[in-house]
file upload19.cif (mmCIF, C-alpha atoms)
data_coords
#
loop_
_atom_site.label_atom_id
_atom_site.label_comp_id
_atom_site.auth_asym_id
_atom_site.auth_seq_id
_atom_site.Cartn_x
_atom_site.Cartn_y
_atom_site.Cartn_z
CA MET A 1 146.40 262.94 209.11
CA ALA A 2 149.73 261.66 207.80
CA ASN A 3 150.30 262.57 204.17
CA PRO A 4 150.10 259.38 202.06
CA ASP A 5 152.25 260.97 199.33
CA PHE A 6 155.33 260.31 201.48
CA GLN A 7 155.01 256.53 201.22
CA GLY A 8 157.96 255.13 199.28
CA ARG A 9 160.10 258.20 199.77
CA GLU A 10 163.85 257.74 200.21
CA TYR A 11 166.10 260.47 201.60
CA PRO A 12 169.73 261.15 200.70
CA ALA A 13 172.35 259.74 203.08
CA THR A 14 172.82 261.88 206.21
CA ALA A 15 176.05 263.51 207.24
CA PRO A 16 178.26 261.02 209.15
CA TYR A 17 177.54 260.29 212.81
CA SER A 18 180.76 259.68 214.77
CA VAL A 19 180.30 257.00 217.43
CA GLY A 20 182.25 258.09 220.51
CA ARG A 21 183.39 256.05 223.51
CA GLU A 22 181.87 258.46 226.00
CA LYS A 23 178.55 258.42 224.11
CA ILE A 24 178.47 254.63 224.33
CA ARG A 25 179.26 254.77 228.06
CA GLU A 26 176.63 257.48 228.61
CA PHE A 27 173.93 255.57 226.71
CA ALA A 28 174.85 252.30 228.44
CA ASP A 29 174.54 253.98 231.85
CA ALA A 30 171.18 255.44 230.83
CA VAL A 31 169.75 251.98 230.07
CA GLY A 32 171.53 250.30 232.99
CA ALA A 33 173.79 248.24 230.72
CA ALA A 34 176.62 247.26 233.05
CA ASP A 35 178.35 244.84 230.67
CA PRO A 36 182.07 245.73 230.72
CA ALA A 37 182.23 245.57 226.90
CA HIS A 38 180.34 248.91 226.86
CA HIS A 39 182.70 250.55 229.30
CA ASP A 40 186.12 248.97 229.28
CA LEU A 41 188.43 248.68 226.28
CA VAL A 42 190.20 245.60 227.61
CA ALA A 43 186.89 243.80 228.07
CA ALA A 44 185.64 244.80 224.60
CA ARG A 45 188.86 243.68 222.94
CA GLY A 46 188.73 240.48 224.96
CA LEU A 47 185.49 239.67 223.13
CA GLY A 48 187.18 240.38 219.79
CA TYR A 49 185.87 243.89 219.15
CA PRO A 50 188.15 246.72 218.04
CA ASP A 51 186.66 249.17 220.54
CA LEU A 52 183.75 249.67 222.99
CA VAL A 53 180.56 247.91 221.83
CA ALA A 54 177.27 249.85 221.66
CA PRO A 55 174.22 248.43 223.47
CA PRO A 56 171.61 246.74 221.22
CA THR A 57 169.32 249.80 221.07
CA PHE A 58 172.05 252.45 220.70
CA ALA A 59 171.25 252.77 216.99
CA VAL A 60 168.07 254.62 217.95
CA VAL A 61 170.25 257.68 218.64
CA ILE A 62 171.37 257.64 215.02
CA ALA A 63 168.03 256.60 213.53
CA GLN A 64 166.09 259.28 215.37
CA ARG A 65 168.22 262.01 213.81
CA ALA A 66 167.53 260.63 210.36
CA GLU A 67 163.79 260.21 211.04
CA GLY A 68 163.62 263.91 211.90
CA GLN A 69 163.98 264.70 208.20
CA TYR A 70 160.55 263.14 207.71
CA VAL A 71 158.56 263.57 210.93
CA SER A 72 159.42 267.26 211.36
CA ASP A 73 158.54 268.11 207.74
CA PRO A 74 155.28 270.11 207.98
CA GLU A 75 154.16 268.53 204.68
CA ALA A 76 154.28 265.07 206.29
CA GLY A 77 151.29 265.90 208.50
CA ILE A 78 152.68 264.34 211.68
CA ASP A 79 151.73 266.14 214.90
CA PHE A 80 154.41 264.86 217.25
CA SER A 81 152.38 265.65 220.38
CA ARG A 82 149.87 263.05 219.14
CA VAL A 83 152.35 260.34 218.28
CA VAL A 84 152.58 257.01 220.08
CA HIS A 85 155.43 254.63 219.40
CA ALA A 86 153.94 251.32 218.20
CA ASP A 87 156.79 249.04 217.08
CA GLU A 88 160.58 249.04 216.93
CA ARG A 89 163.08 246.62 215.43
CA PHE A 90 166.88 246.62 215.30
CA THR A 91 168.76 244.34 212.97
CA HIS A 92 172.52 244.34 213.49
CA HIS A 93 174.53 243.18 210.50
CA ARG A 94 177.54 243.75 212.76
CA PRO A 95 177.81 245.44 216.16
CA ILE A 96 178.28 249.21 216.26
CA VAL A 97 181.58 250.08 217.94
CA ALA A 98 183.26 253.30 219.05
CA GLY A 99 185.14 254.89 216.18
CA ASP A 100 182.48 254.05 213.61
CA GLU A 101 181.53 256.80 211.18
CA LEU A 102 177.96 256.03 210.11
CA VAL A 103 175.61 257.49 207.51
CA THR A 104 171.89 256.77 207.37
CA VAL A 105 169.50 256.44 204.46
CA LEU A 106 165.90 256.97 205.60
CA HIS A 107 163.02 255.22 203.83
CA VAL A 108 159.31 255.85 204.44
CA ASP A 109 158.01 252.34 203.89
CA SER A 110 154.35 252.78 204.72
CA VAL A 111 151.80 255.51 205.44
CA THR A 112 148.27 254.30 206.10
CA SER A 113 145.22 255.89 207.69
CA ARG A 114 142.02 254.41 209.01
CA GLY A 115 139.60 257.02 210.24
CA PRO A 116 141.49 259.51 212.43
CA LEU A 117 144.39 257.12 213.10
CA SER A 118 147.49 257.07 210.88
CA MET A 119 150.29 254.50 211.01
CA VAL A 120 153.69 255.35 209.54
CA THR A 121 156.62 252.97 209.21
CA THR A 122 160.13 254.22 208.61
CA ARG A 123 163.29 252.23 207.94
CA CYS A 124 166.78 253.56 208.57
CA GLU A 125 169.58 251.77 206.77
CA ILE A 126 172.78 252.62 208.63
CA PHE A 127 175.99 252.23 206.67
CA ALA A 128 179.68 252.71 207.35
CA ALA A 129 180.56 256.04 205.77
CA GLY A 130 182.49 255.58 202.54
CA ALA A 131 184.73 258.00 200.68
CA THR A 132 182.17 258.67 197.96
CA ALA A 133 179.13 256.53 198.72
CA PRO A 134 177.74 254.58 201.71
CA GLY A 135 179.83 251.47 202.43
CA GLU A 136 179.09 248.32 204.46
CA LEU A 137 175.54 247.96 205.84
CA VAL A 138 175.86 247.98 209.65
CA ALA A 139 172.31 248.14 211.04
CA THR A 140 168.67 248.47 210.04
CA VAL A 141 166.21 250.25 212.35
CA THR A 142 162.49 249.94 211.60
CA SER A 143 160.04 252.07 213.54
CA THR A 144 156.26 252.34 213.43
CA LEU A 145 154.45 255.34 214.86
CA ALA A 146 150.73 255.71 215.48
CA VAL A 147 149.48 259.28 214.96
CA ARG A 148 146.12 260.13 216.51
CA GLY A 149 143.99 262.62 214.59
CA GLU A 150 142.29 265.58 216.27
CA ASP A 151 139.15 263.64 217.15
CA ALA A 152 140.79 260.33 218.06
CA MET B 1 173.08 254.76 240.11
CA THR B 2 174.15 252.62 237.18
CA ALA B 3 177.81 253.17 237.96
CA HIS B 4 179.56 250.86 235.58
CA THR B 5 181.35 247.84 236.85
CA GLU B 6 185.07 247.97 237.41
CA GLN B 7 185.46 244.47 236.07
CA THR B 8 188.16 244.42 233.40
CA GLU B 9 188.79 240.74 232.76
CA ALA B 10 187.23 239.23 229.67
CA ARG B 11 184.90 236.42 230.65
CA PRO B 12 186.15 232.95 229.91
CA ALA B 13 184.38 231.52 226.88
CA GLY B 14 183.24 228.49 228.87
CA THR B 15 180.87 230.60 230.96
CA ARG B 16 178.78 231.66 227.98
CA PRO B 17 175.70 229.65 227.01
CA ARG B 18 176.14 227.25 224.08
CA LEU B 19 173.59 226.54 221.43
CA ALA B 20 173.77 222.77 221.87
CA ASP B 21 172.79 223.03 225.55
CA LEU B 22 169.62 225.03 224.91
CA ALA B 23 166.05 223.98 224.16
CA VAL B 24 162.80 225.83 223.54
CA GLY B 25 161.23 226.75 226.86
CA ASP B 26 164.48 227.04 228.83
CA GLU B 27 164.41 230.04 231.15
CA ILE B 28 167.30 232.50 231.06
CA GLY B 29 166.39 234.39 234.24
CA THR B 30 164.47 237.34 235.59
CA ARG B 31 165.24 240.90 236.51
CA THR B 32 163.56 243.81 238.28
CA ILE B 33 164.18 247.29 236.90
CA GLU B 34 163.25 250.51 238.68
CA PHE B 35 162.61 253.78 236.85
CA ASP B 36 162.50 257.10 238.65
CA ARG B 37 162.19 260.57 237.14
CA SER B 38 165.92 261.18 237.15
CA ARG B 39 166.39 258.01 235.11
CA LEU B 40 163.97 259.38 232.49
CA VAL B 41 165.85 262.69 232.33
CA ARG B 42 169.13 260.82 232.00
CA TYR B 43 167.75 258.71 229.14
CA ALA B 44 166.29 261.81 227.45
CA GLY B 45 169.71 263.42 227.43
CA ALA B 46 171.61 260.31 226.40
CA SER B 47 169.22 259.39 223.59
CA GLY B 48 168.24 262.85 222.35
CA ASP B 49 164.51 262.06 222.81
CA LEU B 50 163.40 265.26 224.54
CA ASN B 51 159.64 264.69 224.23
CA ARG B 52 158.01 266.54 227.18
CA ILE B 53 155.71 263.63 228.03
CA HIS B 54 158.77 262.03 229.65
CA TRP B 55 159.58 264.84 232.08
CA ASP B 56 156.77 267.44 232.24
CA GLN B 57 153.76 266.37 234.34
CA ALA B 58 151.40 269.14 233.18
CA PHE B 59 152.26 268.59 229.53
CA ALA B 60 151.77 264.82 229.81
CA GLU B 61 148.36 265.26 231.44
CA GLY B 62 147.45 267.86 228.81
CA VAL B 63 147.82 265.27 226.04
CA GLY B 64 145.70 262.75 227.91
CA LEU B 65 148.33 260.65 229.67
CA PRO B 66 148.06 259.63 233.34
CA GLY B 67 151.27 261.59 233.98
CA VAL B 68 154.92 261.40 233.02
CA ILE B 69 155.64 258.09 231.29
CA ALA B 70 158.90 256.26 230.63
CA HIS B 71 160.25 256.33 227.08
CA GLY B 72 159.20 253.08 225.41
CA MET B 73 162.76 252.94 224.10
CA LEU B 74 164.09 253.20 227.68
CA THR B 75 162.06 250.14 228.65
CA MET B 76 163.10 248.30 225.49
CA GLY B 77 166.73 249.29 225.97
CA SER B 78 166.78 248.32 229.67
CA VAL B 79 165.12 244.92 229.58
CA VAL B 80 167.50 243.56 226.92
CA GLY B 81 170.24 243.74 229.55
CA LEU B 82 168.87 240.43 230.83
CA VAL B 83 169.72 238.91 227.44
CA THR B 84 173.13 240.50 226.90
CA GLU B 85 174.38 239.55 230.36
CA TRP B 86 173.11 235.99 229.94
CA ALA B 87 174.80 235.81 226.52
CA GLY B 88 178.05 237.24 227.92
CA ASP B 89 178.46 239.40 224.82
CA PRO B 90 176.30 242.44 224.04
CA GLY B 91 177.40 242.31 220.39
CA ALA B 92 175.79 238.86 220.01
CA VAL B 93 172.27 240.32 219.72
CA VAL B 94 171.70 240.36 215.96
CA ASP B 95 168.01 241.25 215.96
CA TYR B 96 165.80 242.81 218.63
CA ALA B 97 162.18 243.84 218.24
CA THR B 98 159.17 244.78 220.33
CA ARG B 99 155.67 246.20 220.23
CA PHE B 100 154.74 248.88 222.75
CA SER B 101 151.39 247.99 224.29
CA ARG B 102 151.01 250.08 227.48
CA PRO B 103 152.75 253.13 228.94
CA VAL B 104 154.75 252.93 232.18
CA PRO B 105 153.81 255.94 234.37
CA VAL B 106 156.67 257.11 236.57
CA PRO B 107 155.72 258.97 239.78
CA ALA B 108 157.29 262.28 240.84
CA ASP B 109 158.54 260.55 243.98
CA GLY B 110 159.46 256.90 244.20
CA VAL B 111 159.83 254.44 241.37
CA ALA B 112 157.97 252.43 238.75
CA THR B 113 159.02 248.79 238.92
CA VAL B 114 159.19 246.76 235.71
CA GLU B 115 159.60 242.98 235.82
CA VAL B 116 161.26 241.07 232.98
CA SER B 117 161.75 237.36 232.40
CA GLY B 118 163.15 235.51 229.42
CA LYS B 119 162.95 232.07 227.89
CA ILE B 120 164.16 230.40 224.74
CA GLY B 121 161.52 230.75 222.02
CA ALA B 122 163.39 229.10 219.14
CA VAL B 123 166.72 227.43 218.38
CA ASP B 124 168.15 227.68 214.86
CA ALA B 125 171.18 225.41 214.71
CA ASP B 126 171.86 226.19 211.03
CA ALA B 127 171.98 229.94 211.64
CA GLY B 128 173.79 229.51 214.98
CA THR B 129 171.18 231.58 216.79
CA VAL B 130 168.54 231.32 219.48
CA ARG B 131 165.53 233.55 219.92
CA VAL B 132 164.92 234.77 223.46
CA ASP B 133 161.34 235.82 224.19
CA LEU B 134 160.99 238.41 226.95
CA THR B 135 157.93 238.99 229.12
CA VAL B 136 157.85 242.56 230.41
CA THR B 137 155.25 243.66 232.96
CA PHE B 138 154.37 246.66 235.11
CA GLU B 139 151.83 246.19 237.92
CA GLY B 140 151.00 242.79 236.49
CA ALA B 141 150.14 243.98 232.95
CA LYS B 142 152.33 243.53 229.89
CA VAL B 143 153.86 246.81 228.71
CA LEU B 144 155.79 245.30 225.80
CA MET B 145 154.52 242.57 223.47
CA LYS B 146 156.34 240.19 221.16
CA THR B 147 159.67 241.23 222.63
CA GLN B 148 162.17 238.99 220.89
CA ALA B 149 165.96 239.03 220.73
CA VAL B 150 167.88 236.83 218.32
CA VAL B 151 171.29 235.95 219.79
CA ARG B 152 174.26 234.39 218.01
CA LEU B 153 175.93 231.67 220.11
CA ASP B 154 178.69 229.14 219.65
CA ALA B 155 177.53 225.62 218.94
#
call {"tool": "encode", "arguments": {"input": "upload19.cif", "output": "structure tokens"}}
result
Amino acid sequence: MANPDFQGREYPATAPYSVGREKIREFADAVGAADPAHHDLVAARGLGYPDLVAPPTFAVVIAQRAEGQYVSDPEAGIDFSRVVHADERFTHHRPIVAGDELVTVLHVDSVTSRGPLSMVTTRCEIFAAGATAPGELVATVTSTLAVRGEDA
Amino acid sequence: MTAHTEQTEARPAGTRPRLADLAVGDEIGTRTIEFDRSRLVRYAGASGDLNRIHWDQAFAEGVGLPGVIAHGMLTMGSVVGLVTEWAGDPGAVVDYATRFSRPVPVPADGVATVEVSGKIGAVDADAGTVRVDLTVTFEGAKVLMKTQAVVRLDA
């Protein structure tokens, strides 16, 4: 069962994630996103972006790294082989583009259990990396996992 | 598969949908998406989600699944292409959310076929956005619920 003591926890900002052009192209190909703004600099700049634009769910790559701090902590009580993804939300305060250096602050918003089933909701606040502290808020990724207990 | 287009010209602004032309209930189109096992492996590598239930048949069955299933995030990430191509600007999606309701099993040979359709669920003229509601099905049953993308458009 997920450990309720983790509710409300906030983690320190992660090390910066460098958004690369080839990573955007690779992710776009993986989800079948053929829009030229993911692949072609001229097309991206034609839409007013400084560089290749990430697909709408690209931020999961960054969020998942940050969530690992929590879900792989043995104290958290989350057996990943019994996890089912329940909900996901991306809020883009501005699009992620190649060249971004992003840091993530992970929050554990909710840990609830009913019988053998636990629900945990995490929120990743993704910021532009600043010199001394996180800068502009770029994206928010909220994820809810259902964790089945041994007898569920 | 999924070779990217060689198109390099920016689309003329006039071809993008405009807020003033849209009303609740308008349909934005449909799309059919096929997932095979190699697509799942490709997404696993690109996303960093290496969970074995998406590529190891015996492991998936051992945890009570019907077999290898697509990443929910692969389905979520693929179906939004209908919205971004309609909008003509993938950076115009300011909010995108879904609930995962059923797994999509992907056979060892052949493909799993997911159908997606979209219609306008709300128009917010003050915010300059529309909400596109997606219906996503596999073998006639919904695999995603409450799949909503908020898109910023010119008036």
call {"tool": "residues_near_point", "arguments": {"input": "upload19.cif", "point": "(151.1, 263.0, 232.7)", "cutoff": "10 Å", "atoms": "only C-alpha atoms", "output": "PyMOL selection string"}}
result
chain B and resi 52-69+105-107
call {"tool": "residues_around", "arguments": {"input": "upload19.cif", "residues": "B:Leu82", "least_positions_apart": "6", "cutoff": "8 Å", "atoms": "all atoms listed in the file", "output": "JSON, numbers by chain"}}
result
{"B": [29, 30, 31, 116, 117, 118]}
call {"tool": "atom_distance", "arguments": {"input": "upload19.cif", "atom1": "atom CA of A:His38", "atom2": "atom CA of B:Leu40"}}
result
20.2 Å
call {"tool": "resolve_selection", "arguments": {"input": "upload19.cif", "expression": "the PyMOL selection byres ((chain A and resi 17-28) around 7)", "output": "MDAnalysis selection string"}}
result
(chainID A and resid 15:16 29:33 38:39 52 54:55 98:103) or (chainID B and resid 46:47)
call {"tool": "resolve_selection", "arguments": {"input": "upload19.cif", "expression": "the PyMOL selection byres ((chain A) within 7 of (chain B))", "output": "number ranges by chain"}}
result
A: 26-27, 29-36, 40, 42-43, 46-47, 53, 55-57, 61, 85-93, 95
call {"tool": "closest_residue", "arguments": {"input": "upload19.cif", "among": "A:Val105, A:Val83, A:Ala59, A:Ala44", "to": "A:Gly135", "atoms": "all atoms listed in the file"}}
result
A:Val105
call {"tool": "resolve_selection", "arguments": {"input": "upload19.cif", "expression": "the PyMOL selection byres ((chain A and resi 123-130) around 9)", "output": "VMD selection string"}}
result
chain A and resid 15 to 17 59 62 to 64 66 to 67 100 to 109 121 to 122 131 to 144
call {"tool": "residues_near_point", "arguments": {"input": "upload19.cif", "point": "(170.5, 223.9, 225.8)", "cutoff": "12 Å", "atoms": "all atoms listed in the file", "output": "list in words"}}
result
Arg16, Pro17, Arg18, Leu19, Ala20, Asp21, Leu22, Ala23, Val24, Gly25, Asp26, Glu27, Ile28, Lys119, Ile120, Gly121, Ala122, Val123, Asp124, Ala125, Thr129, Val130, Leu153, Asp154 and Ala155 of chain B
call {"tool": "write_last_selection", "arguments": {"input": "upload19.cif", "atoms": "C-alpha atoms", "output": "PDB file, in the coordinates of the input"}}
result
ATOM      1  CA  ARG B  16     178.780 231.660 227.980  1.00  0.00           C
ATOM      2  CA  PRO B  17     175.700 229.650 227.010  1.00  0.00           C
ATOM      3  CA  ARG B  18     176.140 227.250 224.080  1.00  0.00           C
ATOM      4  CA  LEU B  19     173.590 226.540 221.430  1.00  0.00           C
ATOM      5  CA  ALA B  20     173.770 222.770 221.870  1.00  0.00           C
ATOM      6  CA  ASP B  21     172.790 223.030 225.550  1.00  0.00           C
ATOM      7  CA  LEU B  22     169.620 225.030 224.910  1.00  0.00           C
ATOM      8  CA  ALA B  23     166.050 223.980 224.160  1.00  0.00           C
ATOM      9  CA  VAL B  24     162.800 225.830 223.540  1.00  0.00           C
ATOM     10  CA  GLY B  25     161.230 226.750 226.860  1.00  0.00           C
ATOM     11  CA  ASP B  26     164.480 227.040 228.830  1.00  0.00           C
ATOM     12  CA  GLU B  27     164.410 230.040 231.150  1.00  0.00           C
ATOM     13  CA  ILE B  28     167.300 232.500 231.060  1.00  0.00           C
ATOM     14  CA  LYS B 119     162.950 232.070 227.890  1.00  0.00           C
ATOM     15  CA  ILE B 120     164.160 230.400 224.740  1.00  0.00           C
ATOM     16  CA  GLY B 121     161.520 230.750 222.020  1.00  0.00           C
ATOM     17  CA  ALA B 122     163.390 229.100 219.140  1.00  0.00           C
ATOM     18  CA  VAL B 123     166.720 227.430 218.380  1.00  0.00           C
ATOM     19  CA  ASP B 124     168.150 227.680 214.860  1.00  0.00           C
ATOM     20  CA  ALA B 125     171.180 225.410 214.710  1.00  0.00           C
ATOM     21  CA  THR B 129     171.180 231.580 216.790  1.00  0.00           C
ATOM     22  CA  VAL B 130     168.540 231.320 219.480  1.00  0.00           C
ATOM     23  CA  LEU B 153     175.930 231.670 220.110  1.00  0.00           C
ATOM     24  CA  ASP B 154     178.690 229.140 219.650  1.00  0.00           C
ATOM     25  CA  ALA B 155     177.530 225.620 218.940  1.00  0.00           C
TER      26      ALA B 155
END
call {"tool": "atom_distance", "arguments": {"input": "upload19.cif", "atom1": "atom CA of B:Gly128", "atom2": "atom CA of B:Val151"}}
result
8.4 Å
call {"tool": "atom_distance", "arguments": {"input": "upload19.cif", "atom1": "atom CA of A:Gln7", "atom2": "atom CA of A:Met119"}}
result
11.1 Å
call {"tool": "closest_residue", "arguments": {"input": "upload19.cif", "among": "B:Arg37, B:Val83, B:Thr15, B:Ala70", "to": "B:Asp133", "atoms": "all atoms listed in the file"}}
result
B:Val83
call {"tool": "build_atoms", "arguments": {"input": "upload19.cif", "residues": "stretch 57-89 of chain B", "atoms": "N, CA and C atoms", "output": "PDB file, keeping the file's coordinate frame"}}
result
ATOM      1  N   GLN B  57     155.027 266.927 233.868  1.00  0.00           N
ATOM      2  CA  GLN B  57     153.760 266.370 234.340  1.00  0.00           C
ATOM      3  C   GLN B  57     152.555 267.058 233.686  1.00  0.00           C
ATOM      4  N   ALA B  58     152.554 268.404 233.691  1.00  0.00           N
ATOM      5  CA  ALA B  58     151.400 269.140 233.180  1.00  0.00           C
ATOM      6  C   ALA B  58     151.226 268.880 231.675  1.00  0.00           C
ATOM      7  N   PHE B  59     152.344 268.837 230.967  1.00  0.00           N
ATOM      8  CA  PHE B  59     152.260 268.590 229.530  1.00  0.00           C
ATOM      9  C   PHE B  59     151.710 267.188 229.265  1.00  0.00           C
ATOM     10  N   ALA B  60     152.215 266.204 230.015  1.00  0.00           N
ATOM     11  CA  ALA B  60     151.770 264.820 229.810  1.00  0.00           C
ATOM     12  C   ALA B  60     150.266 264.697 230.061  1.00  0.00           C
ATOM     13  N   GLU B  61     149.794 265.321 231.142  1.00  0.00           N
ATOM     14  CA  GLU B  61     148.360 265.260 231.440  1.00  0.00           C
ATOM     15  C   GLU B  61     147.550 265.996 230.378  1.00  0.00           C
ATOM     16  N   GLY B  62     148.135 267.077 229.832  1.00  0.00           N
ATOM     17  CA  GLY B  62     147.450 267.860 228.810  1.00  0.00           C
ATOM     18  C   GLY B  62     147.219 267.099 227.514  1.00  0.00           C
ATOM     19  N   VAL B  63     148.029 266.081 227.247  1.00  0.00           N
ATOM     20  CA  VAL B  63     147.820 265.270 226.040  1.00  0.00           C
ATOM     21  C   VAL B  63     147.145 263.934 226.381  1.00  0.00           C
ATOM     22  N   GLY B  64     146.555 263.884 227.599  1.00  0.00           N
ATOM     23  CA  GLY B  64     145.700 262.750 227.910  1.00  0.00           C
ATOM     24  C   GLY B  64     146.390 261.559 228.557  1.00  0.00           C
ATOM     25  N   LEU B  65     147.630 261.756 228.986  1.00  0.00           N
ATOM     26  CA  LEU B  65     148.330 260.650 229.670  1.00  0.00           C
ATOM     27  C   LEU B  65     148.068 260.736 231.171  1.00  0.00           C
ATOM     28  N   PRO B  66     148.262 259.608 231.887  1.00  0.00           N
ATOM     29  CA  PRO B  66     148.060 259.630 233.340  1.00  0.00           C
ATOM     30  C   PRO B  66     149.114 260.441 234.074  1.00  0.00           C
ATOM     31  N   GLY B  67     150.154 260.847 233.376  1.00  0.00           N
ATOM     32  CA  GLY B  67     151.270 261.590 233.980  1.00  0.00           C
ATOM     33  C   GLY B  67     152.497 261.314 233.156  1.00  0.00           C
ATOM     34  N   VAL B  68     153.658 261.648 233.727  1.00  0.00           N
ATOM     35  CA  VAL B  68     154.920 261.400 233.020  1.00  0.00           C
ATOM     36  C   VAL B  68     155.086 259.892 232.801  1.00  0.00           C
ATOM     37  N   ILE B  69     155.442 259.511 231.592  1.00  0.00           N
ATOM     38  CA  ILE B  69     155.640 258.090 231.290  1.00  0.00           C
ATOM     39  C   ILE B  69     157.088 257.854 230.844  1.00  0.00           C
ATOM     40  N   ALA B  70     157.553 256.638 231.083  1.00  0.00           N
ATOM     41  CA  ALA B  70     158.900 256.260 230.630  1.00  0.00           C
ATOM     42  C   ALA B  70     158.919 256.204 229.104  1.00  0.00           C
ATOM     43  N   HIS B  71     160.069 256.526 228.514  1.00  0.00           N
ATOM     44  CA  HIS B  71     160.250 256.330 227.080  1.00  0.00           C
ATOM     45  C   HIS B  71     160.082 254.820 226.802  1.00  0.00           C
ATOM     46  N   GLY B  72     159.271 254.490 225.798  1.00  0.00           N
ATOM     47  CA  GLY B  72     159.200 253.080 225.410  1.00  0.00           C
ATOM     48  C   GLY B  72     160.582 252.531 225.088  1.00  0.00           C
ATOM     49  N   MET B  73     161.408 253.385 224.473  1.00  0.00           N
ATOM     50  CA  MET B  73     162.760 252.940 224.100  1.00  0.00           C
ATOM     51  C   MET B  73     163.657 252.752 225.329  1.00  0.00           C
ATOM     52  N   LEU B  74     163.331 253.446 226.447  1.00  0.00           N
ATOM     53  CA  LEU B  74     164.090 253.200 227.680  1.00  0.00           C
ATOM     54  C   LEU B  74     163.745 251.809 228.217  1.00  0.00           C
ATOM     55  N   THR B  75     162.464 251.482 228.202  1.00  0.00           N
ATOM     56  CA  THR B  75     162.060 250.140 228.650  1.00  0.00           C
ATOM     57  C   THR B  75     162.670 249.076 227.748  1.00  0.00           C
ATOM     58  N   MET B  76     162.536 249.284 226.433  1.00  0.00           N
ATOM     59  CA  MET B  76     163.100 248.300 225.490  1.00  0.00           C
ATOM     60  C   MET B  76     164.612 248.163 225.678  1.00  0.00           C
ATOM     61  N   GLY B  77     165.278 249.301 225.849  1.00  0.00           N
ATOM     62  CA  GLY B  77     166.730 249.290 225.970  1.00  0.00           C
ATOM     63  C   GLY B  77     167.219 248.713 227.295  1.00  0.00           C
ATOM     64  N   SER B  78     166.382 248.806 228.344  1.00  0.00           N
ATOM     65  CA  SER B  78     166.780 248.320 229.670  1.00  0.00           C
ATOM     66  C   SER B  78     166.566 246.821 229.809  1.00  0.00           C
ATOM     67  N   VAL B  79     165.436 246.327 229.328  1.00  0.00           N
ATOM     68  CA  VAL B  79     165.120 244.920 229.580  1.00  0.00           C
ATOM     69  C   VAL B  79     166.036 243.971 228.808  1.00  0.00           C
ATOM     70  N   VAL B  80     166.621 244.444 227.703  1.00  0.00           N
ATOM     71  CA  VAL B  80     167.500 243.560 226.920  1.00  0.00           C
ATOM     72  C   VAL B  80     168.804 243.265 227.657  1.00  0.00           C
ATOM     73  N   GLY B  81     169.064 244.034 228.733  1.00  0.00           N
ATOM     74  CA  GLY B  81     170.240 243.740 229.550  1.00  0.00           C
ATOM     75  C   GLY B  81     170.203 242.329 230.118  1.00  0.00           C
ATOM     76  N   LEU B  82     169.001 241.825 230.375  1.00  0.00           N
ATOM     77  CA  LEU B  82     168.870 240.430 230.830  1.00  0.00           C
ATOM     78  C   LEU B  82     169.466 239.479 229.798  1.00  0.00           C
ATOM     79  N   VAL B  83     169.252 239.783 228.521  1.00  0.00           N
ATOM     80  CA  VAL B  83     169.720 238.910 227.440  1.00  0.00           C
ATOM     81  C   VAL B  83     171.224 239.063 227.231  1.00  0.00           C
ATOM     82  N   THR B  84     171.710 240.302 227.200  1.00  0.00           N
ATOM     83  CA  THR B  84     173.130 240.500 226.900  1.00  0.00           C
ATOM     84  C   THR B  84     174.010 239.949 228.011  1.00  0.00           C
ATOM     85  N   GLU B  85     173.553 240.086 229.268  1.00  0.00           N
ATOM     86  CA  GLU B  85     174.380 239.550 230.360  1.00  0.00           C
ATOM     87  C   GLU B  85     174.336 238.031 230.392  1.00  0.00           C
ATOM     88  N   TRP B  86     173.193 237.457 230.046  1.00  0.00           N
ATOM     89  CA  TRP B  86     173.110 235.990 229.940  1.00  0.00           C
ATOM     90  C   TRP B  86     174.031 235.507 228.812  1.00  0.00           C
ATOM     91  N   ALA B  87     174.000 236.231 227.672  1.00  0.00           N
ATOM     92  CA  ALA B  87     174.800 235.810 226.520  1.00  0.00           C
ATOM     93  C   ALA B  87     176.297 236.037 226.745  1.00  0.00           C
ATOM     94  N   GLY B  88     176.644 236.957 227.647  1.00  0.00           N
ATOM     95  CA  GLY B  88     178.050 237.240 227.920  1.00  0.00           C
ATOM     96  C   GLY B  88     178.716 238.065 226.836  1.00  0.00           C
ATOM     97  N   ASP B  89     177.900 238.624 225.927  1.00  0.00           N
ATOM     98  CA  ASP B  89     178.460 239.400 224.820  1.00  0.00           C
ATOM     99  C   ASP B  89     177.353 240.278 224.239  1.00  0.00           C
TER     100      ASP B  89
END
